[in-house]
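Enquirer: To start, I am sharing the structure in question, which I have written as C-alpha cells.
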Amino acid sequence: MVDPHDRSDRFELIAACEEGTLARFANNVLADDPPLSVRQEPRPQLLLQQVRDPVERRPFNLGEVVVTPAEVDLDGTRGFAMLPGKAERAALSGAIVDAAVAAGHAETPEIVAALEDVDARQREQRRRDWAESKHTAVEFETMEGQE
Amino acid sequence: MGYVAVTAGEEIIERAEQLFEKQRVDDNVDALGVDQIEGQLGRLTGQAMSEGGLYAPRLAALAVKQAQGDTVEAAFLLRAYRSTLERFDATATVDPGEMIASRRVSPAFKDVPGGQILGATKDYTQRLLDFDLLEGEPGDPTAEWDLDDEGDPERLTTVTELLRSEGLLHEPEEPERDEPNDTTRESVTHPPERDEVLQELARGETGAVTALGYSALRGYGQVHPTLAEVRVGRLPVRIEHPYTGEDVTVTHTEITESEAVVPVYEKRADPQFAFGYGLTFGRNERKAIGMTVLDASIQLDSEAEPAERAEFVLDTVDGMDSFGFIEHLKLPHYVTFQSILDRIRAIRERQGLSDDGRVADDQPADSAVAEASDDD
C-alpha cells in the first residue's frame, strides 16, 4: 500500500494526479500567501529512457520522454514534482502540494485523501485492464495428423 | 555545385501555407480535436512518437493534426520540438520483463508460461470494411463482459528467460562500457555497437524498417526467424528522486516488443539459439518485428545482402533523413539544372549533334538530363 506521507510514494501519486486537483490544492495552500520561491521553473524537459536489451543484457536508449519537473521552497520546506508531458501548471502545483504535505500544512488531510483516491483508481484501472486482457487468453491446440 | 538562394514573394508563401491550413477546416465538418486523435487514432500517434524518438502522446496528437495525418511530418515536428528542450537526465535502466503486458503471443511456444494473451487485436479476423461505422459508433462491445477478478497484473516470464534458464541461450559477456552511446548526440560510426543499432532501429521509419526486414525474408538475406514472442504493454519510466535517492516512477510508456529465434545460427558449432530483438514506442507490431529481423540480420555482418549491412540499413532507415533528402528535390534547383544543361549543350555542339547545341525553350527537358541533376 502506498503512503502519501512518504516522499517517494507521494511523488508517484502526484505524477498520476489530474491537473485540476493539484491546482486546486496549490491554490488553497497559497491562499494565506506563505513565502514561496520557485527553485526550478516548470519547463518541459527530456528523460532519456534506457532499457536493458534482454538478449545481451546491455542497456540501450529507447528514446526520450517529455516530462515537466518543478521545484519550490514553501516557507522553508522543499517540494519537487515531475509530471508526464508538457504540463507546466500541473508540475508547479504538484511541487507546492509536495512541499505542503512535507511541512504538515493544514490542507494535508484533504491532499492525502485525494492522493489515496488516485492510488485506488490506478489500482482499479490496472486490475480492470489486466482482467480484460486475461479475458482474451487462448490455448492453441495443435491439429495433429491433419494437414 | 553549391546552393544558390532564390527569392519569392513572402506573401505568396504565406498564401500557400494558408491554403494548406484551410484544408483542415474545409467542408463544414466538426474540427478534429487533439483528444480525439490521442484517444481514437493511437496507432497514428504511436507511429509518430516511435519515429520521432519522443514519447509525448498529447503532443504527438497535436503533431498529427498539424501535419494532417502525415506521420513522417508529425515525427519531424516532434523532433524539432525535442531539439528545443533540455535533458533532465537518463532514466534508471528498466528491464523489459517488467512490462505490464496487455497482449503477449508466442508463435514459437504454444504453452508459454503465463499463457497466450491476444489482447486488443483484429489479427484473426477478416479485413472487411465495416460500413456500420459510417452510421456512428455502435457502443462498447465489451460492456457486457463478465470479468473474473484476476488480481493485479502478473509479470510474465519472457521466452528469453525461459531459454536462458534451460541453457539454450548464451550468457552474454560483460559489456565493455556501461553507458550506451546516444545516437541523437553522437553520430554512429561503423561498425556500430549493438546499442546504437537498437536505438537507430527503434526510431526508424515504419515503412523502411518493414521493407528492409521483408527484403531479408524475401530472399535477400539468410534470416527467417521464428518469433519467440510479441508483446504490447507499458514500461515504467523511473528516475532517482532528488531527495530520497529512491527510484520512483514518473509515468509509463506504451511499447511494442518482439523477440525472435534465429535458426541460421544453428549452423554454428555451439548449438544454442541466437536472437533478434525489437522494441519501440507505441503499438506498432510490424515495425517491432521488422526491427527484430534487421537486428538479427545485422548480426551476420555480411556484405552480401542489404539487410545484413549495418551501414546500409542505418543510413536508409531514418524517416527524417530520407524525408529530407527525397523531398528536397522539389525545391528550386534552377542553377544546378542550368549548369547541366550548358554542359550537355556544349558536348552536343562539340559532337555536331545539333546545329547550335540548344534545346528549344518550349520543349520539356530530356529525362536523362533531369535525372542527372544530382548536385548534393
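Residue numbering restarts at 1 in every chain; chains get A, B, ... in the order shown in the C-alpha cells, and ligands count up from 1 in that same order.
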I need the contact residues of chain B against chain A, so if you could list those with any atom within 6 Å, counting only C-alpha atoms, and return them as a list in words, that would help.

Expert: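 For chain B, the answer reads Gly53, Leu54, Tyr55, Ala56, Leu85, Glu86, Arg87, Phe88, Asp89, Ala90, Thr91, Thr93, Val94, Asp95, Ser102, Gln116, Ile117, Leu118, Gly119, Glu150, Gly151, Asp152, Pro153, Pro172, Pro180, Asp195, Gln199, Thr249 and Val250 of chain B.
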
Enquirer: With C-alpha atoms retained, could you export that selection as a tab-separated table (two decimals), in the first residue's frame?

Expert:
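Wrote it out as part-v2.tsv, contents follow:
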chain	number	residue	atom	x	y	z
B	53	GLY	CA	12.03	9.07	-30.86
B	54	LEU	CA	9.94	11.15	-28.47
B	55	TYR	CA	7.23	9.86	-26.15
B	56	ALA	CA	4.57	12.52	-25.63
B	85	LEU	CA	14.28	21.04	-24.80
B	86	GLU	CA	16.93	20.41	-22.19
B	87	ARG	CA	17.52	16.90	-20.99
B	88	PHE	CA	16.75	16.35	-17.32
B	89	ASP	CA	18.53	13.02	-17.08
B	90	ALA	CA	18.54	9.44	-18.26
B	91	THR	CA	16.06	7.12	-16.61
B	93	THR	CA	17.63	1.27	-16.80
B	94	VAL	CA	14.49	-0.82	-16.97
B	95	ASP	CA	14.22	-4.49	-17.82
B	102	SER	CA	-1.82	-6.12	-22.33
B	116	GLN	CA	-1.15	-16.60	-24.88
B	117	ILE	CA	-2.94	-13.32	-24.32
B	118	LEU	CA	-4.40	-11.97	-27.54
B	119	GLY	CA	-5.30	-8.57	-26.08
B	150	GLU	CA	-7.61	-11.71	-11.96
B	151	GLY	CA	-5.98	-9.57	-9.26
B	152	ASP	CA	-3.01	-7.34	-10.01
B	153	PRO	CA	-1.17	-7.82	-13.30
B	172	PRO	CA	26.26	-12.55	-22.55
B	180	PRO	CA	25.13	3.26	-24.22
B	195	ASP	CA	23.08	-0.43	-28.54
B	199	GLN	CA	18.39	2.91	-30.83
B	249	THR	CA	8.03	6.07	-11.43
B	250	VAL	CA	7.08	9.22	-13.32

Enquirer: Which parts of chain A does DSSP call strand (DSSP E or B) when run on the backbone here, written out as a compact mmCIF listing (two decimals) with N, CA and C atoms, in the first residue's frame?

Expert:
# COMPACT_ATOMS: atom_id res chain seq x y z
N LEU A 36 7.02 31.79 -0.83
CA LEU A 36 7.21 30.74 -1.85
C LEU A 36 8.30 31.19 -2.82
N SER A 37 9.29 30.34 -3.01
CA SER A 37 10.26 30.63 -4.07
C SER A 37 10.31 29.43 -5.01
N VAL A 38 10.39 29.73 -6.28
CA VAL A 38 10.45 28.65 -7.28
C VAL A 38 11.91 28.34 -7.55
N ARG A 39 12.34 27.17 -7.12
CA ARG A 39 13.76 26.78 -7.29
C ARG A 39 14.00 26.27 -8.70
N GLN A 40 13.01 25.63 -9.27
CA GLN A 40 13.12 25.17 -10.66
C GLN A 40 11.82 25.49 -11.37
N GLN A 45 11.01 19.09 -20.16
CA GLN A 45 12.38 18.59 -20.36
C GLN A 45 12.29 17.14 -20.83
N LEU A 46 13.47 16.58 -21.05
CA LEU A 46 13.51 15.22 -21.62
C LEU A 46 14.12 14.23 -20.63
N LEU A 47 13.54 13.05 -20.60
CA LEU A 47 14.17 11.92 -19.93
C LEU A 47 14.55 10.92 -21.00
N LEU A 48 15.79 10.50 -21.00
CA LEU A 48 16.24 9.50 -21.97
C LEU A 48 15.93 8.12 -21.40
N GLN A 49 14.98 7.43 -22.00
CA GLN A 49 14.56 6.14 -21.43
C GLN A 49 15.54 5.04 -21.84
N GLN A 50 16.19 4.46 -20.85
CA GLN A 50 17.16 3.40 -21.09
C GLN A 50 16.56 2.05 -20.72
N VAL A 51 16.75 1.11 -21.61
CA VAL A 51 16.17 -0.22 -21.46
C VAL A 51 17.29 -1.25 -21.60
N ARG A 52 17.17 -2.33 -20.84
CA ARG A 52 18.19 -3.38 -20.96
C ARG A 52 17.75 -4.40 -22.01
N ASP A 53 18.56 -4.51 -23.06
CA ASP A 53 18.30 -5.50 -24.10
C ASP A 53 18.38 -6.89 -23.47
N ARG A 58 22.54 -5.60 -22.25
CA ARG A 58 23.22 -4.30 -22.30
C ARG A 58 22.17 -3.22 -22.45
N PRO A 59 22.35 -2.09 -21.77
CA PRO A 59 21.35 -1.02 -21.91
C PRO A 59 21.45 -0.35 -23.28
N PHE A 60 20.32 0.06 -23.78
CA PHE A 60 20.30 0.92 -24.97
C PHE A 60 19.24 1.99 -24.78
N ASN A 61 19.32 3.03 -25.60
CA ASN A 61 18.40 4.16 -25.47
C ASN A 61 17.19 3.93 -26.36
N LEU A 62 16.04 3.73 -25.73
CA LEU A 62 14.82 3.51 -26.50
C LEU A 62 14.33 4.81 -27.12
N GLY A 63 14.46 5.89 -26.41
CA GLY A 63 14.00 7.19 -26.91
C GLY A 63 13.83 8.12 -25.72
N GLU A 64 13.28 9.30 -26.01
CA GLU A 64 13.13 10.29 -24.94
C GLU A 64 11.66 10.48 -24.58
N VAL A 65 11.44 10.85 -23.35
CA VAL A 65 10.09 11.05 -22.82
C VAL A 65 9.97 12.50 -22.36
N VAL A 66 8.91 13.17 -22.80
CA VAL A 66 8.72 14.56 -22.36
C VAL A 66 8.10 14.55 -20.96
N VAL A 67 8.73 15.27 -20.06
CA VAL A 67 8.22 15.43 -18.69
C VAL A 67 8.38 16.90 -18.29
N THR A 68 7.64 17.31 -17.27
CA THR A 68 7.79 18.67 -16.77
C THR A 68 8.10 18.61 -15.27
N PRO A 69 9.36 18.91 -14.91
CA PRO A 69 9.70 18.95 -13.48
C PRO A 69 9.53 20.36 -12.92
N ALA A 70 9.37 20.44 -11.63
CA ALA A 70 9.33 21.75 -10.95
C ALA A 70 9.76 21.54 -9.50
N GLU A 71 10.38 22.58 -8.94
CA GLU A 71 10.79 22.50 -7.54
C GLU A 71 10.52 23.85 -6.88
N VAL A 72 10.00 23.79 -5.67
CA VAL A 72 9.70 25.03 -4.94
C VAL A 72 10.27 24.94 -3.52
N ASP A 73 10.36 26.11 -2.91
CA ASP A 73 10.62 26.19 -1.48
C ASP A 73 9.42 26.90 -0.86
N LEU A 74 8.67 26.17 -0.05
CA LEU A 74 7.45 26.72 0.54
C LEU A 74 7.72 26.95 2.03
N THR A 77 10.36 24.69 3.34
CA THR A 77 10.27 23.26 3.02
C THR A 77 10.27 23.08 1.51
N ARG A 78 11.12 22.18 1.05
CA ARG A 78 11.20 21.97 -0.40
C ARG A 78 10.13 21.01 -0.90
N GLY A 79 9.74 21.25 -2.14
CA GLY A 79 8.81 20.33 -2.80
C GLY A 79 9.24 20.11 -4.23
N PHE A 80 9.13 18.88 -4.69
CA PHE A 80 9.55 18.53 -6.05
C PHE A 80 8.46 17.68 -6.71
N ALA A 81 8.21 17.97 -7.96
CA ALA A 81 7.25 17.15 -8.72
C ALA A 81 7.70 17.05 -10.16
N MET A 82 7.29 15.97 -10.80
CA MET A 82 7.55 15.80 -12.23
C MET A 82 6.30 15.15 -12.84
N LEU A 83 5.73 15.85 -13.82
CA LEU A 83 4.51 15.34 -14.45
C LEU A 83 4.83 14.89 -15.87
N PRO A 84 4.17 13.85 -16.35
CA PRO A 84 4.42 13.45 -17.74
C PRO A 84 3.89 14.49 -18.73
N ALA A 137 -7.25 -14.55 -23.14
CA ALA A 137 -6.21 -15.60 -23.13
C ALA A 137 -6.74 -16.83 -23.86
N VAL A 138 -5.89 -17.43 -24.67
CA VAL A 138 -6.34 -18.53 -25.52
C VAL A 138 -5.37 -19.70 -25.39

Enquirer: Could you tell me how far CA of Arg24 in chain A sits from CA of Pro109 in chain A, in Å to one decimal place?

Expert: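 Atom-to-atom, CA of Pro109 in chain A and CA of Arg24 in chain A are spaced 14.2 Å apart.
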
Enquirer: Excluding Ser106 in chain B and its own-chain neighbours fewer than 2 positions away, which residues fall within 6 Å of it when counting only C-alpha atoms? Please give them as a PyMOL selection string.

Expert: chain B and resi 108-109+228-229

Enquirer: Compile the contact shell of Leu62 in chain B as a list in words: residues with an atom at most 6 Å away, counting only C-alpha atoms, same-chain residues fewer than 3 positions apart removed.

Expert: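 Using only C-alpha atoms, the neighbours found are Val34, Leu59 and Lys65 of chain B.
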
Enquirer: Using only C-alpha atoms, which residues sit within 8 Å of Glu19 in chain A once same-chain residues fewer than 4 positions away are excluded, as number ranges by chain?

Expert: A: 23, 89-90, 93

Enquirer: With only C-alpha atoms as the basis for distance, which of B:Phe275, B:Trp145, B:Tyr220, B:Tyr81 is at the shortest distance from Pro306 in chain B?

Expert: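 When distances to Pro306 in chain B are compared using only C-alpha atoms, the smallest one comes from B:Tyr220.
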
Enquirer: So how far away is CA of Pro96 in chain B from CA of Val72 in chain B, in Å?

Expert: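 If I compute the distance from CA of Val72 in chain B to CA of Pro96 in chain B, I get 26.8 Å.
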
Enquirer: As number ranges by chain, which residues of range 19-117 of chain A does DSSP assign to helix (DSSP H, G or I)?

Expert: A: 19-30, 88-102, 108-117

Enquirer: Those selected residues, please, written with N, CA and C atoms and delivered as a compact mmCIF listing (two decimals), in the first residue's frame.

Expert:
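The resulting file, out-v6.txt, is shown below:
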# COMPACT_ATOMS: atom_id res chain seq x y z
N GLU A 19 -4.47 17.55 -13.27
CA GLU A 19 -4.01 18.93 -13.11
C GLU A 19 -4.99 19.74 -12.26
N GLY A 20 -6.29 19.58 -12.51
CA GLY A 20 -7.29 20.37 -11.79
C GLY A 20 -7.22 20.15 -10.29
N THR A 21 -7.01 18.91 -9.89
CA THR A 21 -6.93 18.59 -8.45
C THR A 21 -5.70 19.23 -7.83
N LEU A 22 -4.55 19.09 -8.52
CA LEU A 22 -3.31 19.66 -8.00
C LEU A 22 -3.41 21.18 -7.91
N ALA A 23 -3.99 21.80 -8.95
CA ALA A 23 -4.10 23.26 -8.98
C ALA A 23 -5.01 23.75 -7.84
N ARG A 24 -6.07 23.00 -7.58
CA ARG A 24 -7.00 23.41 -6.50
C ARG A 24 -6.29 23.38 -5.15
N PHE A 25 -5.55 22.30 -4.89
CA PHE A 25 -4.83 22.22 -3.62
C PHE A 25 -3.73 23.28 -3.52
N ALA A 26 -3.04 23.51 -4.61
CA ALA A 26 -1.97 24.52 -4.60
C ALA A 26 -2.55 25.89 -4.31
N ASN A 27 -3.69 26.21 -4.90
CA ASN A 27 -4.33 27.49 -4.64
C ASN A 27 -4.74 27.61 -3.17
N ASN A 28 -5.25 26.53 -2.61
CA ASN A 28 -5.64 26.55 -1.19
C ASN A 28 -4.43 26.78 -0.30
N VAL A 29 -3.31 26.13 -0.65
CA VAL A 29 -2.08 26.27 0.14
C VAL A 29 -1.56 27.70 0.06
N LEU A 30 -1.70 28.30 -1.12
CA LEU A 30 -1.16 29.65 -1.32
C LEU A 30 -2.14 30.74 -0.87
N GLU A 88 3.11 22.45 -17.41
CA GLU A 88 3.75 23.43 -16.53
C GLU A 88 2.93 23.71 -15.28
N ARG A 89 1.62 23.92 -15.48
CA ARG A 89 0.76 24.30 -14.35
C ARG A 89 0.66 23.14 -13.35
N ALA A 90 0.50 21.94 -13.89
CA ALA A 90 0.37 20.77 -13.01
C ALA A 90 1.67 20.52 -12.26
N ALA A 91 2.80 20.71 -12.91
CA ALA A 91 4.09 20.44 -12.26
C ALA A 91 4.34 21.42 -11.12
N LEU A 92 4.09 22.71 -11.37
CA LEU A 92 4.30 23.71 -10.31
C LEU A 92 3.33 23.45 -9.16
N SER A 93 2.08 23.16 -9.49
CA SER A 93 1.09 22.84 -8.45
C SER A 93 1.53 21.62 -7.67
N GLY A 94 2.03 20.61 -8.38
CA GLY A 94 2.47 19.37 -7.74
C GLY A 94 3.61 19.61 -6.77
N ALA A 95 4.56 20.47 -7.15
CA ALA A 95 5.69 20.76 -6.27
C ALA A 95 5.20 21.47 -5.00
N ILE A 96 4.22 22.37 -5.16
CA ILE A 96 3.65 23.07 -3.99
C ILE A 96 2.93 22.08 -3.08
N VAL A 97 2.17 21.17 -3.70
CA VAL A 97 1.45 20.16 -2.92
C VAL A 97 2.44 19.25 -2.17
N ASP A 98 3.52 18.88 -2.85
CA ASP A 98 4.54 18.02 -2.23
C ASP A 98 5.14 18.72 -1.00
N ALA A 99 5.47 19.99 -1.15
CA ALA A 99 6.05 20.74 -0.03
C ALA A 99 5.03 20.89 1.09
N ALA A 100 3.78 21.12 0.72
CA ALA A 100 2.75 21.34 1.74
C ALA A 100 2.59 20.10 2.63
N VAL A 101 2.57 18.94 2.02
CA VAL A 101 2.42 17.71 2.81
C VAL A 101 3.68 17.49 3.66
N ALA A 102 4.85 17.76 3.06
CA ALA A 102 6.11 17.59 3.81
C ALA A 102 6.14 18.49 5.04
N THR A 108 -3.17 19.18 4.49
CA THR A 108 -2.62 17.83 4.31
C THR A 108 -3.67 16.71 4.30
N PRO A 109 -4.60 16.68 5.26
CA PRO A 109 -5.56 15.55 5.25
C PRO A 109 -6.34 15.45 3.94
N GLU A 110 -6.76 16.59 3.40
CA GLU A 110 -7.51 16.56 2.14
C GLU A 110 -6.61 16.11 0.99
N ILE A 111 -5.37 16.61 0.99
CA ILE A 111 -4.44 16.22 -0.08
C ILE A 111 -4.18 14.71 -0.01
N VAL A 112 -3.92 14.23 1.20
CA VAL A 112 -3.64 12.80 1.37
C VAL A 112 -4.83 11.96 0.91
N ALA A 113 -6.03 12.41 1.27
CA ALA A 113 -7.23 11.66 0.86
C ALA A 113 -7.34 11.64 -0.67
N ALA A 114 -7.04 12.78 -1.30
CA ALA A 114 -7.14 12.84 -2.77
C ALA A 114 -6.09 11.93 -3.41
N LEU A 115 -4.88 11.92 -2.84
CA LEU A 115 -3.81 11.09 -3.41
C LEU A 115 -4.10 9.60 -3.19
N GLU A 116 -4.72 9.29 -2.05
CA GLU A 116 -5.13 7.89 -1.83
C GLU A 116 -6.20 7.48 -2.84
N ASP A 117 -7.02 8.45 -3.19
CA ASP A 117 -8.05 8.19 -4.21
C ASP A 117 -7.40 7.92 -5.58
